[in-house]
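To keep things clear, I will list the structure first and then write my remarks on it.
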Amino acid sequence: MTATPVATPVPSAAQVPGRAETARKKLSSPWASIAAIVIAVLWTLPTFGLFVSSFRPERAIKTTGWWTFFTDPTVTLDNYKGVFGVGSTTNLADFFVNSLVICIPAVLIPMALAALSAYAFAWIEFKGKNILFLSIFALQIVPLQVTLIPLLEIFVKVDLTGTFWTLWLAHSTFALPLAIYLLHNFMREVPATLIEAARVDGAGHVAIFFKVMLPLLTPALAAFGIFQFLWVWNDLLVALVFAGGGNEVAPITLQLANLSGTRGTAWQLLSAGAFVSIIVPVTVFLLLQRYFVRGLLAGSVKG
Amino acid sequence: MFNTASTTPEKLLQMLAALLLFAAIMGLILFLAGRVGGGKRGNTIVGYLYLAPAILMLAVGLVYPGLRTIYQSFFDAAGKAFIGFDNYATIFTDNDQLTVLRNTVFWVLVTPFVATAVGLVYAILVDKSRFESVAKALIFLPMSISFVAAAIIWKFVYEYRPDQGNVKQIGLINQIIVWLGGTPQQLLIESPLNTFLLIVVMIWIQAGFAMTVLSAAIKAIPDDIIEAARLDGTTAWTMFRNITLPSVRPTLVVVLTTIAIGTLKVFDIVRTMTGGQFNTSVIANEFYSQTFRADNQGLGAALAVLLFVLVIPIVVYNVRQLRQSEAS
């Protein structure tokens, strides 16, 4: 969380006492600490409550508040067994697999396509480049909602409805404008002398793309990859429109939303189900948050 | 390969096939690009070869559908008869639709400012403290989970049990109401309170975004400026108003507008928590309901276009502010 691409001034020897003083001042202000703790508790408590509930017996969840857990702790894994109940309609395992099957190509395909396009925009001179780049940049503002119905009609025409292809293609397309823009920004920062040197050595655009660009681009690709993964894993709208018909290709968010709609008081299932769906994005996020934050800053601070 | 996969091995196999097909297309493009000679003409060919798949996908999957939706918004429910601006008139005159607009205004006015304020205050409070990274992760985690999961977490907080006999509350808010001597409320049913309770969920998610971006901006303020102010004996409040706030102003604008755009499109939270009932619908949810539930294609299209139109001024303002801050 501390790594950011924004240039942080390196403290010189003379400034170090100033920093120490700041730190002391911060800690000596009890109100500041109390305010920070209050916000942190408010932000954590809702999740914590449902998390505790997911380990309580069904009867206990439905008759007493989760806070009574601390005076009467009974722990069970029944809720988690319940959401993975083989053969039951609430078996989340299949939907979990669906989410993974949807995510992997929906991350890799736009990543590769955007890298290729960004390279063309950043380092190849050709006619119509600027207007084309501006158009793709502008497409970022198109809300998904505007595209869904005609896209669905196209999928019906080519007989792809109810397959993973609809989700792969839709997610990949929607990701392209931002991905191309982000990767283009990173690629522009590669020193031109590096490209020139490679060109002098006789490397063409293909060799430069693979040997010079890709290795330098890894952090940017990671940042975009995490973004896209979280976006696709957490998506509901696209899944509802293109996979809403059957359970075969529905991701876990869709099943969870359906469960919440049809069995809104089955908190033993909803609590465990929610945490099963959360576990993947939270793990990805905690492991790779450095890249995530970097991507966030590159994406929003630059525009 | 293009049919519906129903068992896990089938699904994995189809995924593998898709990835291989994609790799083959990429290989073909690179192979062709490698055979093209240099020079101006060669560059143009390679450039368009590299862009071809992206342009094709954007044209078919984004540009054409966008234009088609705009066209559809001038047609009736079945998409057959041309009715001019009637759908737009409905949005601005029909009672239900006016509630949708009112709610959307609430969302877009409240969420960005509250989320950004909380994020800014928190970023300043934990800045350079010993627990900074852990403290930040706590606020930031909601960003990584789905809106659906967030909605379920908060639905549990707002849960209501009837006020009778020995029935105990299981939702935190209602329990606090009971502890304070009040009677429990069906929180998600009372309008317009329920809309604000849904907005809380979005604030809960977006504050982490605001905090992360603003924290980076705060850290970028040069130390000597802070040092100089401190030597002058500046109080914490003047420091905040005269140094921190002006320094992070451009970032603040970006954060506010980004959250505003995200909030305009909010759908998952409303659908999961209330389904748009009890007067909680917003434009993005109404688009879905009209298109798929009410089978009113025309009105659905008009709502989607309205969403598009509302995003544009925010983006334009954002870009302008960025230009200004870069120029100065």
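Chain labels A, B, ... are given in the sequence in which chains occur in the structure tokens; within each chain residues are numbered consecutively from 1, and ligands are likewise numbered from 1 in the order shown.
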
Item to check | Spatial neighbours of region 201-207 of chain B, 7 Å, only C-alpha atoms, chain gap at least 4 places, as a VMD selection string | outcome: (chain A and resid 43) or (chain B and resid 111 114 to 116 118 to 119 142 to 143 151 154 211 259)

Next on the checklist: Residues within 12 Å of Val107 (chain A), please, as number ranges by chain. Count only C-alpha atoms; anything in the same chain fewer than 5 positions from it doesn't count.
Outcome noted: A: 99-102, 112-114, 167-176, 179, 221-233; B: 19

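With distances taken over only C-alpha atoms, A:Ala36 is the one residue among A:Ala36, A:Leu183, A:Leu134, A:Cys103 lying closest to chain B.
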
Item to check | All residues 9 Å or closer to Ser277 (chain A), only C-alpha atoms, same chain fewer than 5 positions away omitted, as JSON, numbers by chain | outcome: {"A": [92, 96, 233, 234, 252, 253, 256, 272], "B": [145, 146, 149]}

What would the file look like if the residues just selected were written as a PDB file, in the first residue's frame with N, CA and C atoms?
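Saved result, out.pdb, follows:
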ATOM      1  N   LEU A  92     -22.387 -23.974  -4.820  1.00  0.00           N
ATOM      2  CA  LEU A  92     -21.654 -22.867  -5.417  1.00  0.00           C
ATOM      3  C   LEU A  92     -20.420 -23.317  -6.199  1.00  0.00           C
ATOM      4  N   PHE A  96     -18.465 -21.254  -9.013  1.00  0.00           N
ATOM      5  CA  PHE A  96     -17.087 -20.850  -8.748  1.00  0.00           C
ATOM      6  C   PHE A  96     -16.214 -21.182  -9.962  1.00  0.00           C
ATOM      7  N   TRP A 233     -14.602 -10.702 -12.249  1.00  0.00           N
ATOM      8  CA  TRP A 233     -15.038 -11.578 -11.165  1.00  0.00           C
ATOM      9  C   TRP A 233     -16.236 -10.970 -10.427  1.00  0.00           C
ATOM     10  N   ASN A 234     -16.209  -9.649 -10.247  1.00  0.00           N
ATOM     11  CA  ASN A 234     -17.246  -8.985  -9.461  1.00  0.00           C
ATOM     12  C   ASN A 234     -18.441  -8.530 -10.280  1.00  0.00           C
ATOM     13  N   ILE A 252     -20.401 -16.737 -10.050  1.00  0.00           N
ATOM     14  CA  ILE A 252     -20.819 -16.850  -8.654  1.00  0.00           C
ATOM     15  C   ILE A 252     -21.584 -15.613  -8.173  1.00  0.00           C
ATOM     16  N   THR A 253     -21.244 -14.422  -8.708  1.00  0.00           N
ATOM     17  CA  THR A 253     -21.968 -13.218  -8.283  1.00  0.00           C
ATOM     18  C   THR A 253     -23.441 -13.321  -8.659  1.00  0.00           C
ATOM     19  N   LEU A 256     -25.220 -15.690  -6.349  1.00  0.00           N
ATOM     20  CA  LEU A 256     -25.360 -15.059  -5.044  1.00  0.00           C
ATOM     21  C   LEU A 256     -26.493 -14.032  -5.062  1.00  0.00           C
ATOM     22  N   ALA A 272     -22.179 -17.549   4.191  1.00  0.00           N
ATOM     23  CA  ALA A 272     -21.102 -18.422   3.709  1.00  0.00           C
ATOM     24  C   ALA A 272     -20.858 -18.189   2.216  1.00  0.00           C
TER      25      ALA A 272
ATOM     26  N   ILE B 145     -14.105  -6.324  -3.275  1.00  0.00           N
ATOM     27  CA  ILE B 145     -15.187  -7.305  -3.312  1.00  0.00           C
ATOM     28  C   ILE B 145     -16.306  -6.830  -4.236  1.00  0.00           C
ATOM     29  N   SER B 146     -17.173  -7.758  -4.617  1.00  0.00           N
ATOM     30  CA  SER B 146     -18.228  -7.397  -5.559  1.00  0.00           C
ATOM     31  C   SER B 146     -19.300  -6.553  -4.873  1.00  0.00           C
ATOM     32  N   ALA B 149     -21.694  -8.848  -3.062  1.00  0.00           N
ATOM     33  CA  ALA B 149     -21.275  -9.254  -1.718  1.00  0.00           C
ATOM     34  C   ALA B 149     -21.423  -8.087  -0.746  1.00  0.00           C
TER      35      ALA B 149
END

Checklist entry - So, counting only C-alpha atoms, which residue among A:Ala266, A:Leu259, A:Leu160, A:Val52 is closest to Gly65 (chain A)? => result A:Val52

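One distance worth recording is that between CA of Ser53 (chain A) and CA of Lys81 (chain A), which is 14.4 Å.
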
Checklist entry - Which neighbours of Leu98 (chain B) fall inside 12 Å, counting only C-alpha atoms, when residues of the same chain fewer than 5 positions from it are skipped, and could you give them as a ChimeraX atom specification? => result /B:88-93,103-105,279-283,286

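Compared by their closest atoms to Asn194 (chain B), and using only C-alpha atoms, the residues B:Lys155, B:Thr258, B:Phe31, B:Ile45 rank with B:Lys155 nearest.
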
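Non-sequential neighbours of Thr63 (chain A) (distance at most 9 Å, separation of 5 or more positions within a chain, only C-alpha atoms) are Glu58 of chain A; Val167, Lys168, Gln169 and Ile170 of chain B.
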
Checklist entry - When DSSP works through the backbone of this structure, what residues of region 5-164 of chain A end up as alpha helix (DSSP H), shown as a PyMOL selection string? => result chain A and resi 16-28+30-53+58-63+78-83+92-123+129-138+144-157+164

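Rounded to one decimal, CA of Arg320 (chain B) and CA of Gly61 (chain B) lie 28.7 Å from each other.
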
Checklist entry - Can you tell me, as a ChimeraX atom specification, what residues are no more than 12 Å from Leu49 (chain B) when counting only C-alpha atoms, ignoring any on the same chain fewer than 2 positions away? => result /A:113,116-117,119-121,124,126,205-206 /B:25-36,42-47,51-56

For C-alpha atoms, I'd like the residues from the last selection saved as a PDB file, in the first residue's frame.
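That gives us result-v1.pdb:
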ATOM      1  CA  LEU A 113      -4.799  -7.166 -27.730  1.00  0.00           C
ATOM      2  CA  LEU A 116      -0.389  -4.888 -29.342  1.00  0.00           C
ATOM      3  CA  SER A 117      -2.582  -1.846 -30.022  1.00  0.00           C
ATOM      4  CA  TYR A 119       2.523  -0.551 -29.110  1.00  0.00           C
ATOM      5  CA  ALA A 120       1.176   0.505 -32.493  1.00  0.00           C
ATOM      6  CA  PHE A 121      -0.060   3.802 -31.064  1.00  0.00           C
ATOM      7  CA  ILE A 124       4.672   3.057 -35.045  1.00  0.00           C
ATOM      8  CA  PHE A 126       1.127   5.576 -39.624  1.00  0.00           C
ATOM      9  CA  HIS A 205       8.365  -4.248 -34.891  1.00  0.00           C
ATOM     10  CA  VAL A 206       7.723  -7.846 -33.868  1.00  0.00           C
TER      11      VAL A 206
ATOM     12  CA  ILE B  25      -4.909 -15.347 -34.322  1.00  0.00           C
ATOM     13  CA  MET B  26      -2.235 -13.397 -32.479  1.00  0.00           C
ATOM     14  CA  GLY B  27       0.454 -15.630 -34.010  1.00  0.00           C
ATOM     15  CA  LEU B  28      -0.924 -15.029 -37.476  1.00  0.00           C
ATOM     16  CA  ILE B  29      -0.910 -11.250 -36.988  1.00  0.00           C
ATOM     17  CA  LEU B  30       2.665 -11.269 -35.699  1.00  0.00           C
ATOM     18  CA  PHE B  31       3.757 -13.630 -38.475  1.00  0.00           C
ATOM     19  CA  LEU B  32       2.265 -11.338 -41.127  1.00  0.00           C
ATOM     20  CA  ALA B  33       3.732  -8.256 -39.458  1.00  0.00           C
ATOM     21  CA  GLY B  34       7.160  -9.906 -39.439  1.00  0.00           C
ATOM     22  CA  ARG B  35       7.047 -10.352 -43.220  1.00  0.00           C
ATOM     23  CA  VAL B  36       6.156  -6.752 -43.996  1.00  0.00           C
ATOM     24  CA  GLY B  42       5.375  -0.980 -44.180  1.00  0.00           C
ATOM     25  CA  ASN B  43       4.780   0.955 -40.969  1.00  0.00           C
ATOM     26  CA  THR B  44       1.198   1.720 -41.926  1.00  0.00           C
ATOM     27  CA  ILE B  45       0.525  -1.947 -42.711  1.00  0.00           C
ATOM     28  CA  VAL B  46       2.064  -3.167 -39.445  1.00  0.00           C
ATOM     29  CA  GLY B  47       0.231  -0.458 -37.489  1.00  0.00           C
ATOM     30  CA  LEU B  51      -4.826  -2.637 -34.366  1.00  0.00           C
ATOM     31  CA  ALA B  52      -7.099  -4.803 -36.506  1.00  0.00           C
ATOM     32  CA  PRO B  53      -8.555  -7.081 -33.788  1.00  0.00           C
ATOM     33  CA  ALA B  54      -9.101  -4.232 -31.333  1.00  0.00           C
ATOM     34  CA  ILE B  55     -10.735  -2.005 -33.962  1.00  0.00           C
ATOM     35  CA  LEU B  56     -12.964  -4.843 -35.136  1.00  0.00           C
TER      36      LEU B  56
END

Next on the checklist: At a cut-off of 10 Å, using only C-alpha atoms, what residues contact region 218-220 of chain A? Leave out same-chain residues fewer than 3 positions from it and give the result as a list in words.
Outcome noted: Ala115, Ala179, Leu182, Leu183, His184, Asn185, Phe186, Met187, Met213, Leu214, Pro215, Ala223, Phe224, Gly225, Arg290, Tyr291, Phe292, Arg294, Gly295 and Ala298 of chain A

Based on the selection just made, write C-alpha atoms of those residues as a PDB file, in the first residue's frame.
ATOM      1  CA  ALA A 115      -0.560  -4.448 -25.583  1.00  0.00           C
ATOM      2  CA  ALA A 179      -6.446  -0.967 -21.371  1.00  0.00           C
ATOM      3  CA  LEU A 182      -3.189   2.721 -19.828  1.00  0.00           C
ATOM      4  CA  LEU A 183      -0.625   0.582 -21.644  1.00  0.00           C
ATOM      5  CA  HIS A 184       0.010   3.340 -24.199  1.00  0.00           C
ATOM      6  CA  ASN A 185       0.914   5.711 -21.360  1.00  0.00           C
ATOM      7  CA  PHE A 186       3.358   3.214 -19.917  1.00  0.00           C
ATOM      8  CA  MET A 187       4.898   2.461 -23.319  1.00  0.00           C
ATOM      9  CA  MET A 213       8.615  -3.775 -24.675  1.00  0.00           C
ATOM     10  CA  LEU A 214       7.080  -6.800 -22.998  1.00  0.00           C
ATOM     11  CA  PRO A 215       9.753  -7.183 -20.282  1.00  0.00           C
ATOM     12  CA  ALA A 223      -1.834  -3.614 -12.897  1.00  0.00           C
ATOM     13  CA  PHE A 224      -4.297  -3.939 -15.751  1.00  0.00           C
ATOM     14  CA  GLY A 225      -4.618  -7.695 -15.201  1.00  0.00           C
ATOM     15  CA  ARG A 290       1.177  -2.851  -4.954  1.00  0.00           C
ATOM     16  CA  TYR A 291       0.354  -3.238  -8.641  1.00  0.00           C
ATOM     17  CA  PHE A 292      -3.299  -2.528  -8.046  1.00  0.00           C
ATOM     18  CA  ARG A 294      -0.141   1.713  -9.108  1.00  0.00           C
ATOM     19  CA  GLY A 295      -2.726   1.004 -11.786  1.00  0.00           C
ATOM     20  CA  ALA A 298      -2.035   5.747 -13.343  1.00  0.00           C
TER      21      ALA A 298
END

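Compared by their closest atoms to chain B, and using only C-alpha atoms, the residues A:Pro46, A:Pro30, A:Gly246, A:Gly202 rank with A:Pro46 nearest.
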
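In terms of minimum interatomic distance to Ile149 (chain A), B:Ile70 ranks closest within B:Ile199, B:Ile70, B:Ala18, B:Ala5, counting only C-alpha atoms.
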